[in-house]
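**Student:** One structure follows; several queries about it will come next.
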Amino acid sequence: MALYSCGRSTLLAAHIPVYDFLAPSLINITRSTRSVRHLSTSAASNAQDASSNTPGSDAQSHPKRPSKPLTQAQRDFLTSALRVNQAGELAATLIYAAQTPPIVKAHPHLRPLMKHMYDQEAGHFDTFNSLLAKHRIRPTAMYPLWTVAASALGWGTALLGREAAMACTEAVETEIGDHYNGQLRYLLDMIEGMESRGEVIGEDLRELVGTIRRIRDEELEHLDHAVENDAKKAVPHELLTGVIRAGCKGAIWISEKV
Amino acid sequence: MASKSTTGLFLRGFISTPKPRCSARPYHSYTHPPPPGPFTPVETAILSASLPHIPTHGFTHTTLSLGAKDASYIDASTNLFPRGAFSIVHYHLVTQRAALSKHKHILETSSQPGAKPPGIGAKVKALVWERLMANKGVIHRWQEALALMAQPSNIPTSISELSSLSDEIWFLAGDTSVDSSWYTKRASLATIYASTELFMTTDKSPDYSKTREFMDRRFEDSRVLGTVVGSVAEWVGFTAHAGLNVMRSKGVRV
């Protein structure tokens with residue numbers, strides 16, 4: 001999914017050897033339909049798709065309770081994964097919250113988009129908050145630090161202008177998309193391994209896979225929005241996204257540990 | 001397990017979640033059964049048989065040997081416990097922490113219609129009191145246990161048990177905060193519990209009424225401090241936001 005947007009442009013470039021904005025709208029028809037997005041925050045359909053993709057979701061038909069406890073390694077993974085996800089969504093909410101006032105003032109037409117992205121992030125944050133409380137996981141000790149850093153990042157990039165703000169979104173959502181994909185890969189491997197050993201998999205694990213899948217897709221949708229809104233035109237684009245991505249990686253690494 | 005947590009650095013117990021298997025904290029699953037506790041069945045048999053001997057023999061090796069005898073194991077089986085008498089203390093702490101979830105009358109909201117359900121604060125207080133009362137039978141020997149817990153090699157386990165207890169109480173009381181207050185709540189509750197427990201070892205008043213007053217005062221102090229910190233934080237946040245909005249209304253591009 002992370003490759004989706006670039007995959008699309010390379011595909012276009014392969015077929016049409018001209019800049020795609022020069023091509024007549026007839027040829028570019030896929031693009032124009034895609035750029036009309038309805039900004040609905042509820043992604044119930046995505047969630048359903050996700051759960052139906054989950055391998056072996058027919059387990060719902062026989063409600064056998066898992067007999068084996070999760071291993072230490074599995075619980076460690078789940079603990080740090082949920083903790084880092086909550087920290088990430090906290091940061092994302094704060095970035096959008098800090099970006100919105102300056103951006104909306106300069107570009108009022110972006111108000112619905114910013115609100116839509118903020119609402120989705122707030123929903124993700126709530127999801128992980130309740131998961132942390134439910135599974136008794138310690139939140140990251142860096143909570144106050146991430147609060148300050150994320151607000152400063154959002155506000156700073158918004159002051160640099162629309163392109164920089166969108167480049168920030170692009171960088172953050174790229175990292176987050178990769179991060180969620182990594183988690184999904186691990187979780188699906190884990191579930192596959194448990195199934196091959198004949199263990200019953202708890203409903204909470206299946207739900208978690210569905211939740212992360214849905215949230216990952218929404219984050220990558222934000223990435224597409226950012227690219228559509230000229231993220232690539234930010235002036236030191238490579239520098240800006242490079243620094244932000246490195247920062248994200250560092251923050252993820254730290255939040256997994258403490 | 002024993003070697004792992006005893007050789008763990010002292011600081012480790014503070015900074016990261018210590019890895020003892022006894023801690024209920026990492027990923028509490030509702031569908032998968034809980035992981036095994038810190039004691040094997042044999043150890044559990046010996047330790048639980050030791051408990052009745054604590055009031056007479058204290059937290060000592062004698063108690064452990066008597067327990068082994070009562071559980072029909074040979075005397076040498078106390079070698080199962082490289083930490084000696086501390087194992088009894090640890091067992092007591094773990095079992096009494098687990099017993100907290102059995103206090104249904106505190107945890108369940110009152111069945112009488114119209115009665116105001118107790119708040120989280122009231123539940124926390126009631127649970128702390130129940131936990132203190134669980135020490136009633138051994139309180140005249142409890143200073144021995146405190147001495148064992150304060151030995152350098154036992155400190156990581158003791159700290160981890162204290163924080164597990166604090167976590168358990170907040171969880172059972174139904175607290176769901178997962179921000180920085182997660183840390184302050186657990187730290188303040190652990191402090192209150194530890195100090196009240198120490199106070200209780202010297203309390204000779206009937207029904208531990210002095211301990212009760214001491215605990216109420218600690219909770220009140222903590223509440224006042226929390227209110228002050230909260231008010232200051234609220235004031236700072238409000239002023240910063242108001243200042244920013246004034247600047248925006250003057251046309252400053254921030």
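By convention here, the chains of the structure tokens are called A, B, ... in the order presented, each chain's residues are numbered starting at 1, and ligands are numbered starting at 1 in the order presented.
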Just want the 12 Å neighbourhood of stretch 239-252 of chain A, counted on only C-alpha atoms, with same-chain residues fewer than 2 positions away dropped. Output as JSON, numbers by chain.

**Tutor:** {"A": [80, 81, 82, 83, 84, 85, 86, 87, 88, 89, 91, 92, 140, 141, 142, 143, 145, 146, 147, 149, 150, 153, 154, 156, 157, 160, 163, 164, 165, 166, 167, 168, 169, 170, 171, 172, 173, 174, 175, 176, 177, 178, 179, 180, 231, 232, 233, 234, 235, 236, 237, 254, 255, 256, 257, 258]}

**Student:** Take the selection from the previous step and output its residues with C-alpha atoms, as a PDB file, in the first residue's frame.

**Tutor:**
```pdb
ATOM      1  CA  SER A  80       5.559  -2.813  22.866  1.00  0.00           C
ATOM      2  CA  ALA A  81       3.509  -2.771  19.649  1.00  0.00           C
ATOM      3  CA  LEU A  82       0.414  -1.360  21.331  1.00  0.00           C
ATOM      4  CA  ARG A  83       2.459   1.095  23.361  1.00  0.00           C
ATOM      5  CA  VAL A  84       4.286   2.470  20.339  1.00  0.00           C
ATOM      6  CA  ASN A  85       1.029   2.670  18.364  1.00  0.00           C
ATOM      7  CA  GLN A  86      -0.607   4.727  21.076  1.00  0.00           C
ATOM      8  CA  ALA A  87       2.409   7.056  21.181  1.00  0.00           C
ATOM      9  CA  GLY A  88       2.298   7.392  17.404  1.00  0.00           C
ATOM     10  CA  GLU A  89      -1.389   8.225  17.312  1.00  0.00           C
ATOM     11  CA  ALA A  91       1.751  12.424  18.080  1.00  0.00           C
ATOM     12  CA  ALA A  92      -0.384  12.313  14.922  1.00  0.00           C
ATOM     13  CA  THR A 140       5.277   5.251  27.053  1.00  0.00           C
ATOM     14  CA  ALA A 141       7.327   7.108  29.649  1.00  0.00           C
ATOM     15  CA  MET A 142       8.160   9.697  26.978  1.00  0.00           C
ATOM     16  CA  TYR A 143       4.523  10.832  26.850  1.00  0.00           C
ATOM     17  CA  LEU A 145       8.188  14.675  25.524  1.00  0.00           C
ATOM     18  CA  TRP A 146       6.226  13.367  22.519  1.00  0.00           C
ATOM     19  CA  THR A 147       3.422  15.798  23.326  1.00  0.00           C
ATOM     20  CA  ALA A 149       7.761  17.417  20.127  1.00  0.00           C
ATOM     21  CA  ALA A 150       4.691  16.577  18.039  1.00  0.00           C
ATOM     22  CA  LEU A 153       6.635  19.681  14.616  1.00  0.00           C
ATOM     23  CA  GLY A 154       3.069  20.310  13.482  1.00  0.00           C
ATOM     24  CA  GLY A 156       6.624  24.530  12.781  1.00  0.00           C
ATOM     25  CA  THR A 157       5.831  22.840   9.481  1.00  0.00           C
ATOM     26  CA  LEU A 160       6.614  26.974   6.751  1.00  0.00           C
ATOM     27  CA  GLU A 163       3.709  22.330   1.089  1.00  0.00           C
ATOM     28  CA  ALA A 164       5.920  21.849   4.139  1.00  0.00           C
ATOM     29  CA  ALA A 165       2.957  20.795   6.263  1.00  0.00           C
ATOM     30  CA  MET A 166       1.951  18.271   3.628  1.00  0.00           C
ATOM     31  CA  ALA A 167       5.551  17.073   3.342  1.00  0.00           C
ATOM     32  CA  CYS A 168       5.476  16.508   7.093  1.00  0.00           C
ATOM     33  CA  THR A 169       2.297  14.457   6.720  1.00  0.00           C
ATOM     34  CA  GLU A 170       3.874  12.562   3.843  1.00  0.00           C
ATOM     35  CA  ALA A 171       7.013  11.734   5.834  1.00  0.00           C
ATOM     36  CA  VAL A 172       5.153  10.760   8.995  1.00  0.00           C
ATOM     37  CA  GLU A 173       2.530   8.647   7.252  1.00  0.00           C
ATOM     38  CA  THR A 174       5.155   6.853   5.147  1.00  0.00           C
ATOM     39  CA  GLU A 175       6.996   5.823   8.298  1.00  0.00           C
ATOM     40  CA  ILE A 176       3.781   4.902  10.083  1.00  0.00           C
ATOM     41  CA  GLY A 177       2.549   2.868   7.131  1.00  0.00           C
ATOM     42  CA  ASP A 178       5.818   0.901   7.071  1.00  0.00           C
ATOM     43  CA  HIS A 179       5.646   0.481  10.812  1.00  0.00           C
ATOM     44  CA  TYR A 180       2.085  -0.885  10.757  1.00  0.00           C
ATOM     45  CA  ALA A 231       3.836  17.687  -0.565  1.00  0.00           C
ATOM     46  CA  LYS A 232       6.553  17.081  -3.154  1.00  0.00           C
ATOM     47  CA  LYS A 233       6.793  20.820  -3.857  1.00  0.00           C
ATOM     48  CA  ALA A 234       8.056  21.664  -0.400  1.00  0.00           C
ATOM     49  CA  VAL A 235      11.307  23.477  -0.924  1.00  0.00           C
ATOM     50  CA  PRO A 236      13.942  21.367   0.713  1.00  0.00           C
ATOM     51  CA  HIS A 237      11.680  18.319   0.211  1.00  0.00           C
ATOM     52  CA  ILE A 254      12.368   4.683  21.920  1.00  0.00           C
ATOM     53  CA  SER A 255       8.646   4.152  22.486  1.00  0.00           C
ATOM     54  CA  GLU A 256       9.047   0.426  21.886  1.00  0.00           C
ATOM     55  CA  LYS A 257      11.613   0.314  24.678  1.00  0.00           C
ATOM     56  CA  VAL A 258      10.230   2.615  27.361  1.00  0.00           C
TER      57      VAL A 258
END
```

**Student:** At a cut-off of 6 Å, list the chain A residues touching chain B, using only C-alpha atoms, as a list in words.

**Tutor:**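 Here they are: Pro66, Pro69, Arg75, Thr79, Ala133, His135, Arg136, Ile137, Pro139 and Gly202 of chain A.
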
**Student:** To one decimal in Å, tell me the separation between atom CA of A:Tyr118 and atom CA of A:Asp230.

**Tutor:** 18.9 Å

**Student:** Need to verify the contact set: B:Tyr208, 12 Å, only C-alpha atoms, exclusion of same-chain residues closer than 4 positions in sequence. Can you return it as a list in words?

**Tutor:**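 In the requested form, the answer reads Trp129, Leu132, Met133, Asn135, Lys136, Ile139, Thr196, Glu197, Phe199, Met200, Thr201, Thr202, Asp203, Lys204, Arg212, Glu213, Phe214 and Met215 of chain B.
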
**Student:** Go ahead and write the selection's residues with N, CA, C and O atoms as an mmCIF file, in the first residue's frame.

**Tutor:**
```cif
data_model
loop_
_atom_site.group_PDB
_atom_site.id
_atom_site.type_symbol
_atom_site.label_atom_id
_atom_site.label_comp_id
_atom_site.auth_asym_id
_atom_site.auth_seq_id
_atom_site.Cartn_x
_atom_site.Cartn_y
_atom_site.Cartn_z
ATOM 1 N N TRP B 129 -7.107 -0.656 51.913
ATOM 2 C CA TRP B 129 -7.420 -1.076 53.274
ATOM 3 C C TRP B 129 -7.535 -2.593 53.350
ATOM 4 O O TRP B 129 -6.995 -3.218 54.273
ATOM 5 N N LEU B 132 -4.110 -4.042 53.377
ATOM 6 C CA LEU B 132 -3.441 -3.863 54.668
ATOM 7 C C LEU B 132 -3.993 -4.853 55.685
ATOM 8 O O LEU B 132 -3.246 -5.445 56.466
ATOM 9 N N MET B 133 -5.299 -5.054 55.657
ATOM 10 C CA MET B 133 -5.920 -5.966 56.615
ATOM 11 C C MET B 133 -5.485 -7.409 56.358
ATOM 12 O O MET B 133 -5.512 -8.243 57.270
ATOM 13 N N ASN B 135 -2.588 -8.253 56.012
ATOM 14 C CA ASN B 135 -1.337 -8.431 56.766
ATOM 15 C C ASN B 135 -1.593 -8.589 58.262
ATOM 16 O O ASN B 135 -0.654 -8.727 59.030
ATOM 17 N N LYS B 136 -2.880 -8.525 58.674
ATOM 18 C CA LYS B 136 -3.212 -8.458 60.090
ATOM 19 C C LYS B 136 -2.597 -9.625 60.865
ATOM 20 O O LYS B 136 -2.003 -9.426 61.924
ATOM 21 N N ILE B 139 1.260 -9.183 61.205
ATOM 22 C CA ILE B 139 1.789 -7.819 61.318
ATOM 23 C C ILE B 139 2.872 -7.711 62.401
ATOM 24 O O ILE B 139 3.825 -6.954 62.257
ATOM 25 N N THR B 196 1.985 3.462 54.800
ATOM 26 C CA THR B 196 0.935 3.022 55.722
ATOM 27 C C THR B 196 1.255 1.645 56.282
ATOM 28 O O THR B 196 1.032 1.369 57.463
ATOM 29 N N GLU B 197 1.813 0.795 55.426
ATOM 30 C CA GLU B 197 2.176 -0.546 55.876
ATOM 31 C C GLU B 197 3.224 -0.474 56.979
ATOM 32 O O GLU B 197 3.137 -1.171 57.987
ATOM 33 N N PHE B 199 3.693 2.077 58.962
ATOM 34 C CA PHE B 199 3.023 2.631 60.145
ATOM 35 C C PHE B 199 2.286 1.532 60.895
ATOM 36 O O PHE B 199 2.320 1.464 62.124
ATOM 37 N N MET B 200 1.652 0.638 60.149
ATOM 38 C CA MET B 200 0.819 -0.391 60.756
ATOM 39 C C MET B 200 1.637 -1.340 61.635
ATOM 40 O O MET B 200 1.096 -1.888 62.615
ATOM 41 N N THR B 201 2.929 -1.525 61.325
ATOM 42 C CA THR B 201 3.730 -2.464 62.124
ATOM 43 C C THR B 201 3.878 -1.986 63.561
ATOM 44 O O THR B 201 4.167 -2.791 64.432
ATOM 45 N N THR B 202 3.725 -0.690 63.813
ATOM 46 C CA THR B 202 3.886 -0.176 65.185
ATOM 47 C C THR B 202 2.561 0.224 65.797
ATOM 48 O O THR B 202 2.529 0.763 66.889
ATOM 49 N N ASP B 203 1.471 -0.021 65.073
ATOM 50 C CA ASP B 203 0.166 0.437 65.553
ATOM 51 C C ASP B 203 -0.428 -0.577 66.507
ATOM 52 O O ASP B 203 -0.576 -1.752 66.178
ATOM 53 N N LYS B 204 -0.770 -0.099 67.741
ATOM 54 C CA LYS B 204 -1.366 -1.012 68.728
ATOM 55 C C LYS B 204 -2.826 -0.645 69.001
ATOM 56 O O LYS B 204 -3.458 -1.223 69.871
ATOM 57 N N ARG B 212 -5.810 3.566 60.041
ATOM 58 C CA ARG B 212 -6.865 4.077 59.156
ATOM 59 C C ARG B 212 -6.752 5.596 59.009
ATOM 60 O O ARG B 212 -6.817 6.131 57.903
ATOM 61 N N GLU B 213 -6.546 6.275 60.165
ATOM 62 C CA GLU B 213 -6.427 7.740 60.108
ATOM 63 C C GLU B 213 -5.192 8.141 59.309
ATOM 64 O O GLU B 213 -5.228 9.064 58.494
ATOM 65 N N PHE B 214 -4.089 7.412 59.568
ATOM 66 C CA PHE B 214 -2.843 7.705 58.848
ATOM 67 C C PHE B 214 -3.067 7.573 57.346
ATOM 68 O O PHE B 214 -2.699 8.446 56.560
ATOM 69 N N MET B 215 -3.734 6.493 56.946
ATOM 70 C CA MET B 215 -3.972 6.265 55.519
ATOM 71 C C MET B 215 -4.852 7.367 54.947
ATOM 72 O O MET B 215 -4.571 7.896 53.866
#
```

**Student:** Enumerate the residues of stretch 16-246 of chain B with a DSSP assignment of helix (DSSP H, G or I), computed from the backbone, and present them as a ChimeraX atom specification.

**Tutor:** /B:41-57,61-70,75-80,86-102,104-107,120-133,136-149,152-172,181-200,206-246

**Student:** One decimal, in Å: what's the spacing between atom CA of A:Glu195 and atom CA of A:Leu208?

**Tutor:** 16.5 Å

**Student:** Taking into account only C-alpha atoms, which residue in the set B:Ser195, B:Ser50, B:Thr157, B:Thr62 is nearest to B:Val128?

**Tutor:**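 The closest residue to B:Val128 is B:Ser195.
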
**Student:** List the spatial neighbours of B:Ser158 as JSON, numbers by chain - criterion: any atom at most 10 Å away, only C-alpha atoms, same-chain residues fewer than 2 positions off excluded.

**Tutor:** {"B": [13, 86, 89, 90, 93, 146, 148, 149, 150, 151, 152, 153, 154, 155, 156, 160, 161, 162, 163, 164]}

**Student:** Using only C-alpha atoms, which of the listed residues (A:Ile95, A:Leu184, A:Leu159, A:Leu113) sits closest to A:Ile215?

**Tutor:**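 Using only C-alpha atoms, the shortest distance to A:Ile215 belongs to A:Leu184.
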